[in-house]
Amino acid sequence: MSKRFIRTYIEISDLCGLSCSFCPAPKGRRGEMGFELFKRVCSQVAPLTQSITFHLLGDPLYLKNFPLYLQIAQEHQLSVEIVTSGLYLSKFDSSLLLSDPIRQVSISLSALEELREEIRERVVSECVRLIDIHQEIFSQTFVNLRMHADKLNTTLAEHLCKSFGVENTLGQDLKVRLGYKVFLLLTKSFEWVRAEQEEESGEVRKKCHGLLSQIGILSNGIVVPCCIDCDGGIELGNIKTQSLEEILQSNRARNIIEGFKRGIAVEEQCKRCTYPALNP
């Protein structure tokens, strides 16, 4: 039986150790999601979602107790995807990242642009090492090395393609296969819309995955429609004190869902969002 959401974004913390210019700031406002809250989140999303992704703000590998979050997710039979800068790949054994419950590791190479050269080289080297191990053990975990389309580093792309003996067509193509279940790819460029920027506007024709096929949960328990709402500007409720089903049945959530089904954005923040929308 198909589940309501393809993906649930869970922010296990908003800490990452970086301050990239393209990423929303400040970070560290909410801190780490405690284990008890995470267990509650997992128990409530498990019947509703195909997978969970450790993402909104923060780098899950920044947390030294990251393996315990994986263990809890696995106890709830949840498939996990992670998004990381790659800065902390060496903190954990590769076998942890390349086996269940992790089905996909996405490494944001755009974060490297503002790091010192020696750190960039170390991160790239660790990415190559992870992929080499991945190929050796025939891991079933997908590994994606991602760059924003407006931050394509052709030198780095060429280096990575050469490392794995493939032709670099990134830019002409959105994705290059580096190996078995390993890809170098371009992701959509956008600017985060902040909650405090709200202003009244007229009807906007738009359709989005928010609440139709995805949902987000911040580390303080606030439930939001999608992975872009890192400020909690569209606060639907708090899973600390409410059930997820109760939150999804709220008037605000139902209005958003019905609006997107009709191809209309009802929230001001959604109207101004620059992430490429679906065809309404």
# chains A, B, ... in the order shown; residues from 1 in each chain; ligands from 1
>>> residues_around(residues="Phe54 in chain A", least_positions_apart="3", cutoff="9 Å", atoms="only C-alpha atoms", output="PyMOL selection string")
chain A and resi 8-13+57-60+80-84
>>> write_last_selection(atoms="N, CA and C atoms", output="short mmCIF file (atom, residue, chain, number, x, y, z; two decimals), in the first residue's frame")
data_model
loop_
_atom_site.label_atom_id
_atom_site.label_comp_id
_atom_site.auth_asym_id
_atom_site.auth_seq_id
_atom_site.Cartn_x
_atom_site.Cartn_y
_atom_site.Cartn_z
N THR A 8 9.79 12.59 4.27
CA THR A 8 9.62 13.45 5.42
C THR A 8 10.99 13.98 5.83
N TYR A 9 11.14 15.29 5.82
CA TYR A 9 12.40 15.91 6.20
C TYR A 9 12.42 16.10 7.71
N ILE A 10 13.44 15.55 8.36
CA ILE A 10 13.57 15.66 9.81
C ILE A 10 14.92 16.32 10.12
N GLU A 11 14.84 17.45 10.79
CA GLU A 11 16.05 18.18 11.17
C GLU A 11 16.48 17.69 12.55
N ILE A 12 17.49 16.80 12.59
CA ILE A 12 17.92 16.31 13.90
C ILE A 12 18.76 17.36 14.64
N SER A 13 19.25 18.35 13.91
CA SER A 13 19.80 19.57 14.53
C SER A 13 19.98 20.61 13.44
N LEU A 57 17.91 22.46 8.04
CA LEU A 57 19.21 23.07 8.28
C LEU A 57 20.08 22.05 9.01
N GLY A 58 21.38 22.33 9.08
CA GLY A 58 22.27 21.47 9.84
C GLY A 58 22.83 20.32 9.02
N ASP A 59 23.92 19.76 9.54
CA ASP A 59 24.58 18.61 8.94
C ASP A 59 24.48 17.46 9.93
N PRO A 60 23.76 16.40 9.60
CA PRO A 60 23.59 15.30 10.56
C PRO A 60 24.90 14.69 11.03
N VAL A 80 16.44 5.86 5.39
CA VAL A 80 17.02 7.17 5.71
C VAL A 80 17.83 7.71 4.54
N GLU A 81 17.65 9.00 4.27
CA GLU A 81 18.53 9.73 3.36
C GLU A 81 19.20 10.84 4.17
N ILE A 82 20.43 11.15 3.88
CA ILE A 82 21.10 12.24 4.59
C ILE A 82 21.66 13.24 3.59
N VAL A 83 21.72 14.50 4.02
CA VAL A 83 22.34 15.56 3.24
C VAL A 83 23.46 16.13 4.11
N THR A 84 24.66 16.18 3.56
CA THR A 84 25.83 16.60 4.33
C THR A 84 26.75 17.46 3.47
#
>>> residues_around(residues="Cys127 in chain A", least_positions_apart="6", cutoff="10 Å", atoms="only C-alpha atoms", output="PDB file with C-alpha atoms, in the first residue's frame")
ATOM      1  CA  GLY A  86      31.076  16.227   3.397  1.00  0.00           C
ATOM      2  CA  LEU A  87      33.145  18.036   6.012  1.00  0.00           C
ATOM      3  CA  LEU A  89      32.764  12.157   6.442  1.00  0.00           C
ATOM      4  CA  SER A  90      35.829  10.891   8.315  1.00  0.00           C
ATOM      5  CA  ILE A 107      27.009  15.554  -0.429  1.00  0.00           C
ATOM      6  CA  LEU A 109      29.842  20.285  -2.958  1.00  0.00           C
ATOM      7  CA  GLU A 121      41.083  19.153  -1.002  1.00  0.00           C
ATOM      8  CA  VAL A 143      25.752   8.498  -3.314  1.00  0.00           C
ATOM      9  CA  LEU A 145      27.721  14.594  -5.221  1.00  0.00           C
ATOM     10  CA  LEU A 160      35.864  13.991 -10.121  1.00  0.00           C
TER      11      LEU A 160
END
>>> select_by_dssp(residues="range 107-158 of chain A", states="strand (DSSP E)", output="short mmCIF file (atom, residue, chain, number, x, y, z; two decimals) with N, CA, C and O atoms, in the first residue's frame")
data_model
loop_
_atom_site.label_atom_id
_atom_site.label_comp_id
_atom_site.auth_asym_id
_atom_site.auth_seq_id
_atom_site.Cartn_x
_atom_site.Cartn_y
_atom_site.Cartn_z
N ILE A 107 25.93 14.69 -0.91
CA ILE A 107 27.01 15.55 -0.43
C ILE A 107 26.97 16.86 -1.21
O ILE A 107 27.08 16.87 -2.43
N SER A 108 26.79 17.96 -0.50
CA SER A 108 26.66 19.28 -1.13
C SER A 108 28.04 19.88 -1.39
O SER A 108 28.66 20.45 -0.48
N PHE A 142 22.73 4.83 -2.52
CA PHE A 142 23.05 5.81 -3.55
C PHE A 142 23.95 6.90 -2.94
O PHE A 142 23.74 7.31 -1.79
N VAL A 143 24.91 7.37 -3.71
CA VAL A 143 25.75 8.50 -3.31
C VAL A 143 25.65 9.56 -4.40
O VAL A 143 25.94 9.29 -5.57
N ASN A 144 25.21 10.74 -4.02
CA ASN A 144 25.09 11.86 -4.95
C ASN A 144 26.03 12.98 -4.53
O ASN A 144 25.96 13.45 -3.39
N LEU A 145 26.90 13.40 -5.43
CA LEU A 145 27.72 14.59 -5.22
C LEU A 145 27.00 15.73 -5.93
O LEU A 145 26.84 15.69 -7.15
N ARG A 146 26.56 16.74 -5.17
CA ARG A 146 25.66 17.74 -5.73
C ARG A 146 26.31 19.12 -5.80
O ARG A 146 27.05 19.52 -4.92
N MET A 147 26.01 19.83 -6.88
CA MET A 147 26.36 21.24 -7.01
C MET A 147 25.11 22.00 -7.42
O MET A 147 24.32 21.51 -8.24
N HIS A 148 24.93 23.21 -6.89
CA HIS A 148 23.85 24.06 -7.37
C HIS A 148 24.16 24.47 -8.81
O HIS A 148 25.32 24.71 -9.17
#
>>> residues_around(residues="range 25-36 of chain A", least_positions_apart="2", cutoff="8 Å", atoms="only C-alpha atoms", output="list in words")
Glu11, Ile12, Ser13, Asp14, Leu15, Cys16, Ser19, Cys23, Phe38, Lys39, Arg40, Leu57, Gly58, Tyr69, Ser219, Asn220 and Gly221 of chain A
>>> residues_around(residues="range 44-48 of chain A", least_positions_apart="3", cutoff="8 Å", atoms="only C-alpha atoms", output="PyMOL selection string")
chain A and resi 3-5+8+40-41+76-78+243-244
>>> write_last_selection(atoms="N, CA and C atoms", output="tab-separated table (two decimals), in the first residue's frame")
chain	number	residue	atom	x	y	z
A	3	LYS	N	2.17	5.07	0.61
A	3	LYS	CA	2.07	5.92	1.78
A	3	LYS	C	1.81	7.37	1.36
A	4	ARG	N	1.36	8.16	2.29
A	4	ARG	CA	0.91	9.52	1.98
A	4	ARG	C	2.05	10.39	1.47
A	5	PHE	N	3.23	10.27	2.09
A	5	PHE	CA	4.36	11.12	1.71
A	5	PHE	C	5.49	10.29	1.11
A	8	THR	N	9.79	12.59	4.27
A	8	THR	CA	9.62	13.45	5.42
A	8	THR	C	10.99	13.98	5.83
A	40	ARG	N	9.44	9.86	19.10
A	40	ARG	CA	8.04	10.22	18.90
A	40	ARG	C	7.79	10.56	17.43
A	41	VAL	N	8.71	11.33	16.84
A	41	VAL	CA	8.59	11.70	15.43
A	41	VAL	C	8.58	10.44	14.56
A	76	HIS	N	12.29	1.68	13.74
A	76	HIS	CA	10.96	2.00	13.23
A	76	HIS	C	10.82	1.64	11.75
A	77	GLN	N	11.81	0.88	11.24
A	77	GLN	CA	11.80	0.39	9.85
A	77	GLN	C	11.70	1.54	8.85
A	78	LEU	N	12.45	2.60	9.14
A	78	LEU	CA	12.45	3.77	8.27
A	78	LEU	C	13.71	3.79	7.41
A	243	SER	N	-0.44	15.31	17.94
A	243	SER	CA	-0.17	14.19	17.04
A	243	SER	C	0.01	14.74	15.64
A	244	LEU	N	0.77	14.03	14.82
A	244	LEU	CA	0.97	14.48	13.45
A	244	LEU	C	-0.35	14.47	12.69
>>> select_by_dssp(residues="range 51-252 of chain A", states="alpha helix (DSSP H)", output="ChimeraX atom specification")
/A:66-75,94-97,117-137,154-163,244-248,251-252
>>> write_last_selection(atoms="N, CA and C atoms", output="compact mmCIF listing (two decimals), in the first residue's frame")
# COMPACT_ATOMS: atom_id res chain seq x y z
N PHE A 66 25.22 10.70 16.02
CA PHE A 66 24.49 10.42 14.78
C PHE A 66 24.12 8.93 14.64
N PRO A 67 25.01 7.98 14.97
CA PRO A 67 24.64 6.57 14.80
C PRO A 67 23.41 6.17 15.63
N LEU A 68 23.19 6.83 16.78
CA LEU A 68 22.03 6.48 17.60
C LEU A 68 20.73 6.90 16.93
N TYR A 69 20.75 8.01 16.18
CA TYR A 69 19.57 8.41 15.41
C TYR A 69 19.27 7.38 14.34
N LEU A 70 20.31 6.89 13.70
CA LEU A 70 20.12 5.84 12.69
C LEU A 70 19.52 4.59 13.32
N GLN A 71 20.00 4.23 14.49
CA GLN A 71 19.50 3.04 15.17
C GLN A 71 18.01 3.17 15.47
N ILE A 72 17.60 4.35 15.94
CA ILE A 72 16.18 4.57 16.25
C ILE A 72 15.35 4.50 14.97
N ALA A 73 15.84 5.13 13.90
CA ALA A 73 15.12 5.09 12.62
C ALA A 73 14.97 3.65 12.14
N GLN A 74 16.02 2.86 12.29
CA GLN A 74 15.98 1.47 11.84
C GLN A 74 15.00 0.67 12.68
N GLU A 75 14.91 0.96 13.97
CA GLU A 75 13.95 0.27 14.84
C GLU A 75 12.51 0.52 14.39
N SER A 94 33.00 4.20 7.11
CA SER A 94 32.28 4.20 5.84
C SER A 94 31.15 3.18 5.81
N SER A 95 31.35 2.07 6.53
CA SER A 95 30.32 1.02 6.54
C SER A 95 29.01 1.54 7.12
N LEU A 96 29.09 2.51 8.04
CA LEU A 96 27.88 3.08 8.62
C LEU A 96 27.09 3.85 7.57
N LEU A 97 27.79 4.60 6.74
CA LEU A 97 27.13 5.45 5.74
C LEU A 97 26.68 4.68 4.51
N GLU A 117 41.58 26.16 0.84
CA GLU A 117 41.96 25.19 -0.18
C GLU A 117 42.31 23.83 0.41
N GLU A 118 43.05 23.82 1.53
CA GLU A 118 43.45 22.54 2.10
C GLU A 118 42.25 21.75 2.63
N ILE A 119 41.23 22.47 3.12
CA ILE A 119 40.03 21.80 3.60
C ILE A 119 39.23 21.26 2.41
N ARG A 120 39.14 22.07 1.34
CA ARG A 120 38.44 21.61 0.14
C ARG A 120 39.07 20.33 -0.39
N GLU A 121 40.39 20.32 -0.47
CA GLU A 121 41.08 19.15 -1.00
C GLU A 121 40.85 17.93 -0.12
N ARG A 122 40.83 18.13 1.19
CA ARG A 122 40.58 17.01 2.10
C ARG A 122 39.18 16.45 1.92
N VAL A 123 38.20 17.32 1.80
CA VAL A 123 36.82 16.86 1.65
C VAL A 123 36.65 16.11 0.33
N VAL A 124 37.20 16.65 -0.75
CA VAL A 124 37.10 15.97 -2.04
C VAL A 124 37.78 14.61 -1.98
N SER A 125 38.94 14.56 -1.32
CA SER A 125 39.65 13.29 -1.18
C SER A 125 38.82 12.28 -0.40
N GLU A 126 38.11 12.75 0.64
CA GLU A 126 37.27 11.85 1.43
C GLU A 126 36.04 11.39 0.64
N CYS A 127 35.54 12.26 -0.22
CA CYS A 127 34.43 11.87 -1.10
C CYS A 127 34.87 10.76 -2.04
N VAL A 128 36.05 10.93 -2.65
CA VAL A 128 36.58 9.92 -3.57
C VAL A 128 36.81 8.60 -2.83
N ARG A 129 37.36 8.70 -1.63
CA ARG A 129 37.61 7.49 -0.83
C ARG A 129 36.30 6.77 -0.50
N LEU A 130 35.27 7.52 -0.11
CA LEU A 130 33.98 6.92 0.19
C LEU A 130 33.42 6.18 -1.03
N ILE A 131 33.56 6.81 -2.19
CA ILE A 131 33.03 6.19 -3.42
C ILE A 131 33.84 4.95 -3.78
N ASP A 132 35.16 5.02 -3.61
CA ASP A 132 35.99 3.84 -3.88
C ASP A 132 35.55 2.65 -3.02
N ILE A 133 35.31 2.91 -1.74
CA ILE A 133 34.86 1.84 -0.85
C ILE A 133 33.47 1.36 -1.27
N HIS A 134 32.62 2.31 -1.64
CA HIS A 134 31.27 1.98 -2.11
C HIS A 134 31.32 0.99 -3.27
N GLN A 135 32.20 1.25 -4.22
CA GLN A 135 32.31 0.38 -5.40
C GLN A 135 32.91 -0.98 -5.03
N GLU A 136 33.84 -0.98 -4.09
CA GLU A 136 34.48 -2.23 -3.68
C GLU A 136 33.49 -3.18 -3.02
N ILE A 137 32.63 -2.63 -2.17
CA ILE A 137 31.70 -3.48 -1.41
C ILE A 137 30.36 -3.64 -2.12
N THR A 154 33.48 23.80 -12.71
CA THR A 154 33.86 22.92 -13.82
C THR A 154 35.18 22.21 -13.54
N THR A 155 36.09 22.88 -12.82
CA THR A 155 37.38 22.26 -12.49
C THR A 155 37.18 21.06 -11.57
N LEU A 156 36.34 21.24 -10.55
CA LEU A 156 36.06 20.15 -9.62
C LEU A 156 35.31 19.02 -10.33
N ALA A 157 34.35 19.38 -11.17
CA ALA A 157 33.60 18.36 -11.91
C ALA A 157 34.54 17.54 -12.79
N GLU A 158 35.46 18.23 -13.46
CA GLU A 158 36.43 17.54 -14.32
C GLU A 158 37.31 16.61 -13.50
N HIS A 159 37.75 17.08 -12.34
CA HIS A 159 38.60 16.27 -11.46
C HIS A 159 37.88 15.00 -11.02
N LEU A 160 36.62 15.14 -10.60
CA LEU A 160 35.86 13.99 -10.12
C LEU A 160 35.60 12.99 -11.24
N CYS A 161 35.23 13.50 -12.39
CA CYS A 161 34.98 12.60 -13.53
C CYS A 161 36.25 11.86 -13.93
N LYS A 162 37.37 12.57 -13.94
CA LYS A 162 38.65 11.95 -14.29
C LYS A 162 39.03 10.88 -13.27
N SER A 163 38.72 11.14 -11.99
CA SER A 163 39.05 10.18 -10.93
C SER A 163 38.36 8.85 -11.14
N LEU A 244 0.77 14.03 14.82
CA LEU A 244 0.97 14.48 13.45
C LEU A 244 -0.35 14.47 12.69
N GLU A 245 -1.20 13.50 12.96
CA GLU A 245 -2.49 13.43 12.28
C GLU A 245 -3.34 14.66 12.62
N GLU A 246 -3.30 15.06 13.88
CA GLU A 246 -4.03 16.26 14.30
C GLU A 246 -3.50 17.49 13.58
N ILE A 247 -2.18 17.57 13.45
CA ILE A 247 -1.57 18.72 12.77
C ILE A 247 -1.97 18.75 11.30
N LEU A 248 -1.97 17.59 10.66
CA LEU A 248 -2.32 17.51 9.24
C LEU A 248 -3.79 17.82 8.98
N ASN A 251 -6.78 23.49 10.05
CA ASN A 251 -7.31 24.32 8.96
C ASN A 251 -6.19 24.84 8.07
N ARG A 252 -5.07 25.24 8.68
CA ARG A 252 -3.97 25.80 7.88
C ARG A 252 -3.40 24.75 6.93
>>> closest_residue(among="A:Leu178, A:Ile52, A:Leu218, A:Cys20", to="Ser110 in chain A", atoms="only C-alpha atoms")
A:Cys20
>>> closest_residue(among="A:Ser85, A:Thr53, A:Gln214, A:Ser139", to="Leu18 in chain A", atoms="only C-alpha atoms")
A:Ser85
>>> closest_residue(among="A:Asp100, A:Glu191, A:Gly232, A:Arg205", to="Phe22 in chain A", atoms="only C-alpha atoms")
A:Glu191
>>> decode(residues="range 52-74 of chain A", atoms="N, CA and C atoms", output="mmCIF file, in the first residue's frame")
data_model
loop_
_atom_site.group_PDB
_atom_site.id
_atom_site.type_symbol
_atom_site.label_atom_id
_atom_site.label_comp_id
_atom_site.auth_asym_id
_atom_site.auth_seq_id
_atom_site.Cartn_x
_atom_site.Cartn_y
_atom_site.Cartn_z
ATOM 1 N N ILE A 52 12.668 8.950 5.282
ATOM 2 C CA ILE A 52 12.950 10.199 5.984
ATOM 3 C C ILE A 52 14.304 10.724 5.516
ATOM 4 N N THR A 53 14.421 12.041 5.523
ATOM 5 C CA THR A 53 15.679 12.686 5.125
ATOM 6 C C THR A 53 16.143 13.586 6.257
ATOM 7 N N PHE A 54 17.369 13.377 6.732
ATOM 8 C CA PHE A 54 17.930 14.238 7.765
ATOM 9 C C PHE A 54 18.392 15.534 7.098
ATOM 10 N N HIS A 55 17.489 16.523 7.091
ATOM 11 C CA HIS A 55 17.784 17.767 6.387
ATOM 12 C C HIS A 55 16.731 18.803 6.728
ATOM 13 N N LEU A 56 17.039 19.987 6.698
ATOM 14 C CA LEU A 56 16.339 21.280 6.624
ATOM 15 C C LEU A 56 17.474 22.264 6.792
ATOM 16 N N LEU A 57 17.912 22.457 8.037
ATOM 17 C CA LEU A 57 19.214 23.072 8.277
ATOM 18 C C LEU A 57 20.083 22.050 9.013
ATOM 19 N N GLY A 58 21.375 22.331 9.079
ATOM 20 C CA GLY A 58 22.270 21.467 9.835
ATOM 21 C C GLY A 58 22.829 20.319 9.024
ATOM 22 N N ASP A 59 23.919 19.761 9.543
ATOM 23 C CA ASP A 59 24.584 18.609 8.941
ATOM 24 C C ASP A 59 24.477 17.461 9.933
ATOM 25 N N PRO A 60 23.762 16.397 9.597
ATOM 26 C CA PRO A 60 23.589 15.301 10.557
ATOM 27 C C PRO A 60 24.900 14.693 11.029
ATOM 28 N N LEU A 61 25.934 14.713 10.169
ATOM 29 C CA LEU A 61 27.218 14.127 10.551
ATOM 30 C C LEU A 61 27.988 15.002 11.535
ATOM 31 N N TYR A 62 27.497 16.217 11.773
ATOM 32 C CA TYR A 62 28.106 17.095 12.777
ATOM 33 C C TYR A 62 27.930 16.518 14.177
ATOM 34 N N LEU A 63 26.859 15.733 14.371
ATOM 35 C CA LEU A 63 26.524 15.208 15.689
ATOM 36 C C LEU A 63 27.293 13.920 15.974
ATOM 37 N N LYS A 64 27.965 13.876 17.112
ATOM 38 C CA LYS A 64 28.750 12.688 17.453
ATOM 39 C C LYS A 64 27.856 11.480 17.721
ATOM 40 N N ASN A 65 26.594 11.735 18.120
ATOM 41 C CA ASN A 65 25.677 10.628 18.392
ATOM 42 C C ASN A 65 24.792 10.301 17.191
ATOM 43 N N PHE A 66 25.223 10.704 16.017
ATOM 44 C CA PHE A 66 24.493 10.416 14.780
ATOM 45 C C PHE A 66 24.120 8.929 14.640
ATOM 46 N N PRO A 67 25.014 7.985 14.966
ATOM 47 C CA PRO A 67 24.637 6.568 14.804
ATOM 48 C C PRO A 67 23.414 6.167 15.634
ATOM 49 N N LEU A 68 23.191 6.828 16.775
ATOM 50 C CA LEU A 68 22.035 6.482 17.600
ATOM 51 C C LEU A 68 20.733 6.900 16.928
ATOM 52 N N TYR A 69 20.755 8.015 16.184
ATOM 53 C CA TYR A 69 19.567 8.415 15.414
ATOM 54 C C TYR A 69 19.267 7.377 14.337
ATOM 55 N N LEU A 70 20.313 6.888 13.699
ATOM 56 C CA LEU A 70 20.123 5.839 12.694
ATOM 57 C C LEU A 70 19.517 4.586 13.316
ATOM 58 N N GLN A 71 20.000 4.231 14.486
ATOM 59 C CA GLN A 71 19.501 3.039 15.166
ATOM 60 C C GLN A 71 18.007 3.165 15.466
ATOM 61 N N ILE A 72 17.600 4.347 15.943
ATOM 62 C CA ILE A 72 16.182 4.573 16.246
ATOM 63 C C ILE A 72 15.349 4.496 14.970
ATOM 64 N N ALA A 73 15.843 5.128 13.899
ATOM 65 C CA ALA A 73 15.124 5.085 12.623
ATOM 66 C C ALA A 73 14.969 3.651 12.139
ATOM 67 N N GLN A 74 16.018 2.862 12.285
ATOM 68 C CA GLN A 74 15.979 1.475 11.837
ATOM 69 C C GLN A 74 14.995 0.665 12.678
#
